[in-house]
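Heads up: the structure comes next, in structure tokens.
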Amino acid sequence: MTSWRVGYAAGPRELVRAMTDVQSQVTSNPSSIAQWAAVEALTGPQDEVAKMAGEFDRRRELIVTGLNALPGVVCTRPRGAFYAFPNVSGLFGKTPPGAGKPLGGSVDVAAFLLEHARVAVVPGVDFGSDAHVRLSYATSSELIREGLTRMDAAIRTLH
């Protein structure tokens, strides 16, 4: 939940000072309930943390294995976060059915997957690499499997 985010920043002193200067000019702080929730999360029982870390590890393995099985897609195993960042450049130059032009970048691949697989991905160009797309695995294993199945079927229609 967006309003529940509580965090901190660490980095070079000059960068953090500049971030603080910008932050001081806007209203952006966790609500009091989010602050108390953060205290409980840090000081309370940790058994659910281990349980969810294990679940996210299983989901990560599921999505990475599934993405690497797709033709033209290569995905390295992420070491953190809840996102996979597969290289989809193997799909560039291929043409979707009924389209006049071939896929030429991450925006094209994202649009293709949304239209033909009904799977939403984020173009990697927004993250510094037009050869990649970003997928979240902060969802159920069942939905990950379904999305991978749809992606596979859609990719196999490219010519």
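Chain lettering (A, B, ...) mirrors the order of the structure tokens, residue numbering begins at 1 for each chain separately, and ligand numbering begins at 1 in order of display.
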Requested in this report: Tell me which protein, DNA and RNA residues are within 7 Å of stretch 122-134 of chain A, counting only C-alpha atoms, leaving out same-chain ones fewer than 6 positions away, and put them as a PyMOL selection string.
Outcome: chain A and resi 83-89+105-107+110
Filtering to N, CA, C and O atoms, could you give me those residues as an mmCIF file, in the first residue's frame?
```cif
data_model
loop_
_atom_site.group_PDB
_atom_site.id
_atom_site.type_symbol
_atom_site.label_atom_id
_atom_site.label_comp_id
_atom_site.auth_asym_id
_atom_site.auth_seq_id
_atom_site.Cartn_x
_atom_site.Cartn_y
_atom_site.Cartn_z
ATOM 1 N N TYR A 83 10.963 -7.751 -8.697
ATOM 2 C CA TYR A 83 10.863 -7.574 -10.131
ATOM 3 C C TYR A 83 11.873 -8.440 -10.866
ATOM 4 O O TYR A 83 12.998 -8.624 -10.423
ATOM 5 N N ALA A 84 11.455 -8.947 -12.019
ATOM 6 C CA ALA A 84 12.366 -9.595 -12.958
ATOM 7 C C ALA A 84 12.583 -8.602 -14.092
ATOM 8 O O ALA A 84 11.693 -7.813 -14.423
ATOM 9 N N PHE A 85 13.765 -8.625 -14.690
ATOM 10 C CA PHE A 85 14.133 -7.667 -15.731
ATOM 11 C C PHE A 85 14.708 -8.426 -16.923
ATOM 12 O O PHE A 85 15.897 -8.372 -17.210
ATOM 13 N N PRO A 86 13.840 -9.193 -17.631
ATOM 14 C CA PRO A 86 14.338 -10.017 -18.732
ATOM 15 C C PRO A 86 14.736 -9.208 -19.961
ATOM 16 O O PRO A 86 14.129 -8.189 -20.275
ATOM 17 N N ASN A 87 15.749 -9.727 -20.643
ATOM 18 C CA ASN A 87 16.181 -9.168 -21.917
ATOM 19 C C ASN A 87 15.256 -9.747 -22.994
ATOM 20 O O ASN A 87 15.168 -10.964 -23.146
ATOM 21 N N VAL A 88 14.583 -8.868 -23.700
ATOM 22 C CA VAL A 88 13.630 -9.290 -24.735
ATOM 23 C C VAL A 88 14.108 -8.912 -26.132
ATOM 24 O O VAL A 88 13.330 -8.968 -27.089
ATOM 25 N N SER A 89 15.382 -8.567 -26.252
ATOM 26 C CA SER A 89 15.890 -8.132 -27.560
ATOM 27 C C SER A 89 15.849 -9.255 -28.591
ATOM 28 O O SER A 89 15.887 -8.985 -29.795
ATOM 29 N N GLY A 105 11.730 -2.355 -29.924
ATOM 30 C CA GLY A 105 12.239 -1.912 -28.623
ATOM 31 C C GLY A 105 11.318 -2.364 -27.509
ATOM 32 O O GLY A 105 10.298 -3.026 -27.740
ATOM 33 N N SER A 106 11.670 -1.987 -26.291
ATOM 34 C CA SER A 106 10.897 -2.442 -25.135
ATOM 35 C C SER A 106 9.474 -1.897 -25.112
ATOM 36 O O SER A 106 8.555 -2.566 -24.632
ATOM 37 N N VAL A 107 9.257 -0.716 -25.652
ATOM 38 C CA VAL A 107 7.904 -0.160 -25.714
ATOM 39 C C VAL A 107 7.042 -1.005 -26.646
ATOM 40 O O VAL A 107 5.894 -1.325 -26.334
ATOM 41 N N ALA A 110 6.280 -4.316 -24.890
ATOM 42 C CA ALA A 110 5.263 -4.118 -23.848
ATOM 43 C C ALA A 110 3.871 -3.991 -24.462
ATOM 44 O O ALA A 110 2.908 -4.590 -23.966
#
```
Requested in this report: Determine, counting only C-alpha atoms, which protein, DNA and RNA residues have an atom within 9 Å of an atom of A:Gln35; residues of the same chain fewer than 4 positions away are not included. Present the result as a PyMOL selection string.
Outcome: chain A and resi 4+6+30-31+39-40
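Nearest residue to A:Tyr137, choosing from A:Ala10, A:Ile63, A:Val109, A:Leu103 and counting only C-alpha atoms: A:Ile63.
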Query - Residue with smallest distance to A:Met52 - pool A:Leu113, A:Ala120, A:Met151, A:Ala138, counting only C-alpha atoms - result: A:Ala138
Query - Neighbour list for A:Gly93 as a ChimeraX atom specification, cut-off 9 Å, only C-alpha atoms, skip fewer than 5 positions in-chain - result: /A:101-104,159
Could those selected residues go to a file with N, CA and C atoms, as a PDB file, in the first residue's frame?
```
ATOM      1  N   LYS A 101       4.631  -3.459 -38.820  1.00  0.00           N
ATOM      2  CA  LYS A 101       6.042  -3.257 -38.529  1.00  0.00           C
ATOM      3  C   LYS A 101       6.500  -4.212 -37.427  1.00  0.00           C
ATOM      4  N   PRO A 102       7.765  -4.576 -37.473  1.00  0.00           N
ATOM      5  CA  PRO A 102       8.298  -5.496 -36.467  1.00  0.00           C
ATOM      6  C   PRO A 102       8.542  -4.794 -35.128  1.00  0.00           C
ATOM      7  N   LEU A 103       8.685  -5.601 -34.090  1.00  0.00           N
ATOM      8  CA  LEU A 103       9.005  -5.074 -32.768  1.00  0.00           C
ATOM      9  C   LEU A 103      10.400  -4.467 -32.806  1.00  0.00           C
ATOM     10  N   GLY A 104      10.526  -3.261 -32.241  1.00  0.00           N
ATOM     11  CA  GLY A 104      11.809  -2.581 -32.328  1.00  0.00           C
ATOM     12  C   GLY A 104      12.391  -2.125 -31.015  1.00  0.00           C
ATOM     13  N   HIS A 159       6.290 -13.645 -36.259  1.00  0.00           N
ATOM     14  CA  HIS A 159       6.981 -14.188 -37.428  1.00  0.00           C
ATOM     15  C   HIS A 159       8.004 -13.187 -37.946  1.00  0.00           C
TER      16      HIS A 159
END
```
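The shortest atom-to-atom distance to A:Asn29, with only C-alpha atoms taken into account, belongs to A:Gly7 out of A:Gly7, A:Arg59, A:Glu142, A:Thr43.
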